[in-house]
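Beneath this line is the structure, given in structure tokens, with notes to follow.
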Amino acid sequence: MADVADDRKDKMGSDNRVHLIHSDVLFKTARDPRADVLVGKVRLFHSGMYLDCDSARFFREDNSFNAYGHVKMWQGDTLTLTCDTLLYDGMELKAHTLGHSVLRHKNTRLETDYLDYDRLYDVGMYPYGGTLYDDDNVLVSDWGQYTLGTHEAFFTDNVVLTNPKFKLISDTLYYYSDTRKAKIVTPTNVTSNDGTFVYGEYGEYDTKSEEAFLLDRSYVIKDMRKIVGDSLHCNRETGMFEAFGDVVLTDDENSCMLTGNYCFYNQNSGEALATDSAVAYEFSEKDTLYVHADTLRMMSYNIDTDSAYHDLFAFHKVRAFRVDVQAVCDSLVSHERDSCTYMYGQPILWNEGQQVFGEEIRIYNNDSTVSWIHIIGQATTIERLDSVSYNQVESKEMFCYFKDNALERNEAHSNVCIDYFIAEDDGTRIGMMYNETSKVITYMENKKISKIWMAGSTGTIYPPLAIPKDKRYLNRFAWFDYIRPMSKDDIFTWRGKDKSAMLKKSETKEVPLQKLDNIK
């Protein structure tokens with residue numbers, strides 16, 4: 001208490017008395033002989049502060065007064081307090097107002113019907129509802145206080161901040177009039193005029209730029225897109241959003257989602273990027289496709305139009321899983337507009353017991369199902385029959401056509417080699433056919449080869465027990481079960497090809513330029 005008393009003494013200076021400067025009339029009454037009754041153009045002064053009013057009761061011994069009618073208290077040109085009635089304690093440097101009260105500090109205005117103002121700490125507090133006006137911001141709450149020295153306002157209970165560009169609703173809020181920033185400490189909703197919705201439980205919101213730094217599982221919703229993270233940085237003016245820690249970016253309009261420990265999203269361009277355990281989800285009626293890579297980037301074009309479309313770019317160590325399809329490659333590009341996905345860098349694709357790989361794989365979709373696949377360069381398809389027996393096709397180029405998510409027809413072109421096991425209807429194998437040809441078409445029924453067509457071939461059929469070792473497996477044979485993603489959780493564990501199984505990119509020889517002699 002001694003420290004507080006010293007502070008008050010320093011604030012008042014050596015002369016701590018309340019001084020009467022002017023009054024048209026001064027008299028005493030028997031009802032309260034302690035008070036000087038002041039009437040008409042009353043002006044009082046105390047410790048750097050002036051007060052004007054219509055009438056007052058001045059208690060000299062208590063160093064206090066009660067002021068009535070058109071009360072105005074001011075200090076310098078930065079602080080004024082107006083009200084209907086003011087009760088002032090000069091010893092405590094405290095004022096209590098009744099009736100419509102307005103506290104003005106520079107460009108900030110606080111209005112309430114009941115105000116407690118502590119001159120020592122420059123704090124104005126209202127207990128029964130009030131409104132703070134600051135530039136374009138209007139803050140309303142049931143309880144609040146404003147500290148003039150630090151420009152800090154604190155509000156609780158039914159807090160509403162209204163701005164021409166947005167509306168903020170919270171239960172508790174700190175606000176700083178010098179920076180126009182709000183400090184969020186409880187669940188808070190911010191709704192912008194363009195429909196952007198921000199939710200945060202702790203952080204900072206800049207009311208000028210609509211820039212927010214939020215913690216504790218915050219999120220932003222715009223149209224049908226939502227981004228959630230442990231921490232979030234968003235700028236409404238630029239449309240830039242960054243999220244950190246267990247981030248989820250959902251796009252309900254396109255039935256897709258991005259997750260990762262870091263995500264970036266630009267709502268103006270529709271660009272999204274995810275890293276650190278990044279996963280892209282494509283939802284369909286049948287199942288969900290999960291795609292993981294070191295970096296995932298989603299681009300949107302013609303946004304906010306009927307012709308909008310999207311592209312997905314996956315960079316480095318791509319692993320994808322769906323119940324019926326799995327894939328691995330170094331990089332991947334998926335174009336929604338032409339319904340095509342391009343796989344680069346030692347790509348491998350699995351469909352149940354079928355495995356295909358080559359230098360490049362292009363997957364063409366019909367809606368969310370695979371329509372056909374184009375394998376370019378060292379194209380290879382393998383069907384596993386048992387642990388040692390495989391149907392195999394190798395060629396320069398291959399086309400695989402699907403129906404109802406199952407392989408229906410396979411076409412191999414140029415330098416074709418085939419290993420195919422022939423079986424009776426009951427499944428008994430009677431031999432293996434080895435062929436070399438320029439083109440082959442295999443037809444599938446019930447996920448088994450039903451017919452093979454070849455454009456002229458040379459080959460041999462070997463009995464099961466007389467298959468030569470150099471014919472049982474073609475040159476590029478490799479069964480990549482140790483690489484194949486086995487579940488949606490397995491996509492995070494990268495497993496690359498053994499060096500011996502790596503495809504070396506095909507080299508095309510340049511045609512030498514002809515030299516024409518005797519040209520004049």
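A note on labels: chains of the structure tokens are A, B, ... as shown, every chain counts residues from 1, and ligands are counted from 1 in their shown order.
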### Non-local contacts of Asn137 (chain A) (9 Å; only C-alpha atoms; under 2 positions in same chain excluded) as a list in words
Leu132, Tyr133, Asp134, Asp135, Leu139, Leu161, Thr162, Asn163, Pro164, Arg180 and Thr207 of chain A
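Comparing the minimum interatomic distances between Cys400 (chain A) and each of A:Arg384, A:His292, A:Arg362, A:Arg297, counting only C-alpha atoms, we find that A:Arg362 sits nearest.
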Per-residue nearest contacts region 415-443 of chain A to region 456-476 of chain A, cut-off 10 Å, using only C-alpha atoms, as a tab-separated table:
```
residue	atom	partner	partner_atom	distance
A:Val416	CA	A:Ser457	CA	9.4
A:Cys417	CA	A:Leu474	CA	7.5
A:Ile418	CA	A:Leu474	CA	7.8
A:Asp419	CA	A:Arg472	CA	7.1
A:Tyr420	CA	A:Ile461	CA	9.2
A:Phe421	CA	A:Pro464	CA	8.7
A:Ile422	CA	A:Ile461	CA	8.9
A:Arg429	CA	A:Pro464	CA	7.1
A:Ile430	CA	A:Pro464	CA	6.3
A:Gly431	CA	A:Pro463	CA	4.3
A:Met432	CA	A:Tyr462	CA	5.2
A:Met433	CA	A:Ile461	CA	4.3
A:Tyr434	CA	A:Gly459	CA	5.2
A:Asn435	CA	A:Gly459	CA	4.0
A:Glu436	CA	A:Thr458	CA	5.5
A:Thr437	CA	A:Ser457	CA	4.5
A:Ser438	CA	A:Gly456	CA	7.6
A:Lys439	CA	A:Gly456	CA	8.2
A:Val440	CA	A:Gly456	CA	9.1
```
### Query
Contacts of Thr341 (chain A) at 10 Å or less, counting only C-alpha atoms, minus same-chain residues fewer than 3 places along, as an NGL selection string?
:A and (311-313 or 332-336 or 338 or 361-365 or 373)
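In this model, the gap between CA of Val102 (chain A) and CA of Ser47 (chain A) comes to 21.0 Å.
Atom pair CA of Met240 (chain A) / CA of Ile221 (chain A): separated by 12.7 Å.
The closest residue to Ser192 (chain A), picked from A:Asn235, A:Thr259, A:Thr295, A:Thr80 and counting only C-alpha atoms, is A:Asn235.
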### Task
Write out as number ranges by chain each polymer residue whose atoms come within 10 Å of Cys234 (chain A), counting only C-alpha atoms; drop sequence neighbours fewer than 2 positions from it.
A: 198, 205, 210-214, 219-220, 232, 236-243, 264-266
### Query
Using only C-alpha atoms, which residues sit within 12 Å of region 144-149 of chain A once same-chain residues fewer than 2 positions away are excluded, as a ChimeraX atom specification?
/A:78-80,103-112,114-134,139-142,151-160,171-178
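CA of Asp367 (chain A) to CA of Tyr344 (chain A) spans 22.4 Å [interatomic distance, one decimal].
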